[in-house]
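Take a look at the structure set out below.
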Amino acid sequence: MNILAIETSCDETAVAILSAERGLLASEVASQIAIHRKYGGVVPEVASRNHLVQLRLVIEGALDHAGIGVESVEAVAATAGPGLATSLMLGMSAAKGMAIGLGKPFIAVNHIEGHLLSPFFDARAPLSGLSALPAIGLVVSGGHTLLVDIRAVGDYRLLGQTRDDAAGEAFDKVGKLLGLPYPGGPAIDKLAREGSPTRFAFPRSMLDSGDFHFSFSGLKTSVRYLLPKLTGPPEYWLEDICASFQEAVVDVLVAKTLAAARAEGRTTVALSGGVGCNARLREKMDSGCAAAGVRLLIAERNFCTDNAAMIAFVALLRAGQGSFSPFAADIDPNLRLI
Ligand code: KG4
Ligand code: ZN
């Protein structure tokens with residue numbers, strides 16, 4: 001079965017084509033980062049206008065790359081939520097229109113489930129990675145910070161989530177405070193490599209709360225209060241602030257994930273979402289898991305940030321269960337995983 005999936009929940013216009021038998025045939029992403037950079041963040045109206053311009057080109061590019069004609073598409077999927085309403089609408093409408101035109105089924109996919117299962121996605125043999133389940137999933141993106149007990153595909157228990165900012169949002173807001181280009185996450189990651197993670201003692205919020213919830217807004221406030229007290233040019237402190245801030249986020253993420261694995265008796269941890277690209281998080285999660293005797297699966301970098309391959313993967317799993325969506329299925333900007 002060939003599935004064409006469209007992801008337009010935020011500012012990336014992404015299309016993937018996944019074959020159950022041959023694996024991932026195409027995964028195209030038209031990034032809008034450069035467009036939104038001058039506004040310091042994603043402007044919903046600008047994002048949807050650009051999806052409108054890009055979508056047809058990206059679909060054609062994906063078919064081209066996959067080397068198949070549109071008549072070989074056997075199901076069409078799209079992200080239904082969560083995300084920006086006007087962006088979601090474009091991807092969903094395009095996917096439904098294609099499915100109706102082709103006379104093929106439609107599958108609405110939850111973006112968070114896409115991230116959550118992306119570490120189990122094998123681009124060559126799509127279903128082979130699922131044998132690693134059950135696992136503890138940590139989804140850390142610009143919009144979400146979730147710890148989930150993944151018992152099986154579709155059987156999830158929410159263990160904890162952020163009380164305020166998502167981890168990626170904290171990176172982006174601190175990046176903005178520091179005058180770094182949007183998005184702050186990759187910029188902080190890069191600068192932190194040259195900085196000291198111990199020079200500034202930022203709080204590890206909720207580290208000892210005894211539950212699996214997170215809070216990052218206090219940490220962002222600590223950075224804001226520190227900035228006016230610093231003297232000298234940025235060269236004297238910028239890299240150290242980045243490294244110290246990042247260390248505080250990473251310490252909490254790693255400690256809570258390992259505590260969740262212990263509490264649930266799981267021996268596999270699955271890390272996903274845009275913040276999953278962070279070098280320090282990958283390094284500390286790796287050493288933490290090794291010390292705890294836990295296996296760590298991390299989505300490939302391309303599949304950590306927003307992409308349509310993860311949406312196609314979930315759609316393939318749904319199709320395998322014979323679970324398709326009605327054409328009346330609507331977008332839900334606040335769609336929850338559980
Ligand atoms: O998963 P994603 O592409 O979109 C959402 O669903 O939100 O995640 C984007 C987020 C942004 O907040 C971005 O700053 C963050 O992931 N991010 C990073 C890194 N790369 C992307 N954060 C820290 N370090 C990185 N290397
Ligand atoms: Zn995402």
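By convention in this document, the chains of the structure tokens carry letters A, B, ... by their order, each chain's residues are numbered from 1, and ligands are numbered from 1 in the order they are shown.
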
If the limit is 10 Å from any atom of ligand 2, counting only C-alpha atoms and all ligand atoms, which residues qualify? Return them as a ChimeraX atom specification. /A:7-12,82-83,111-116,139-144,272-275,303-307,310

Which residues come within 12 Å of Glu71 in chain A, counting only C-alpha atoms, excluding same-chain residues fewer than 4 positions away, as a PyMOL selection string? chain A and resi 2-4+63+67+75-76+98-99+101-104

Quick one: residues within 10 Å of Gly320 in chain A, only C-alpha atoms counted, chain neighbours fewer than 4 positions away excluded, as a list in words?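 Once the nearby chain positions are removed, what remains is Met1, Ala20, Val314, Ala315, Leu316 and Phe324 of chain A.
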
Restricted to N, CA and C atoms, what would the selected residues look like written as a CSV table (one decimal), in the first residue's frame?
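Okay, result03.csv is ready:
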chain,number,residue,atom,x,y,z
A,1,MET,N,0.8,-1.2,0.0
A,1,MET,CA,0.0,0.0,0.0
A,1,MET,C,0.9,1.3,0.0
A,20,ALA,N,4.1,0.4,2.3
A,20,ALA,CA,4.2,-0.7,3.3
A,20,ALA,C,5.3,-1.7,3.0
A,314,VAL,N,2.0,6.7,11.0
A,314,VAL,CA,0.8,6.5,11.9
A,314,VAL,C,-0.4,6.1,10.9
A,315,ALA,N,-0.4,6.8,9.8
A,315,ALA,CA,-1.5,6.4,8.8
A,315,ALA,C,-1.4,5.0,8.4
A,316,LEU,N,-0.2,4.5,8.2
A,316,LEU,CA,0.0,3.1,7.7
A,316,LEU,C,-0.5,2.2,8.8
A,324,PHE,N,-10.1,3.9,9.0
A,324,PHE,CA,-10.0,5.1,8.1
A,324,PHE,C,-10.9,6.2,8.7

Closest to Ala132 in chain A among A:Ser287, A:Thr267, A:Ser196, A:Ser19, using only C-alpha atoms?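 Closest to Ala132 in chain A, using only C-alpha atoms: A:Thr267.
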
As number ranges by chain, please: every residue in range 44-164 of chain A that a backbone DSSP assignment puts in alpha helix (DSSP H). A: 44-66, 85-102, 111-117

Given only C-alpha atoms and all ligand atoms as the basis, pick out the residue of A:Asp208, A:Glu28, A:Asp165, A:Asp332 nearest to ligand 1. A:Asp165

Pick from A:Ala14, A:Ala299, A:Ala167, A:Val223, whichever lies nearest to Gly61 in chain A using only C-alpha atoms: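 Going through A:Ala14, A:Ala299, A:Ala167, A:Val223 one by one, the smallest distance to Gly61 in chain A is for A:Ala14.
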
For a test of reading the model, state the distance in Å between CA of Gly137 in chain A and CA of Ile338 in chain A, rounded to one decimal.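 So the two atoms, CA of Gly137 in chain A and CA of Ile338 in chain A, lie 13.4 Å apart.
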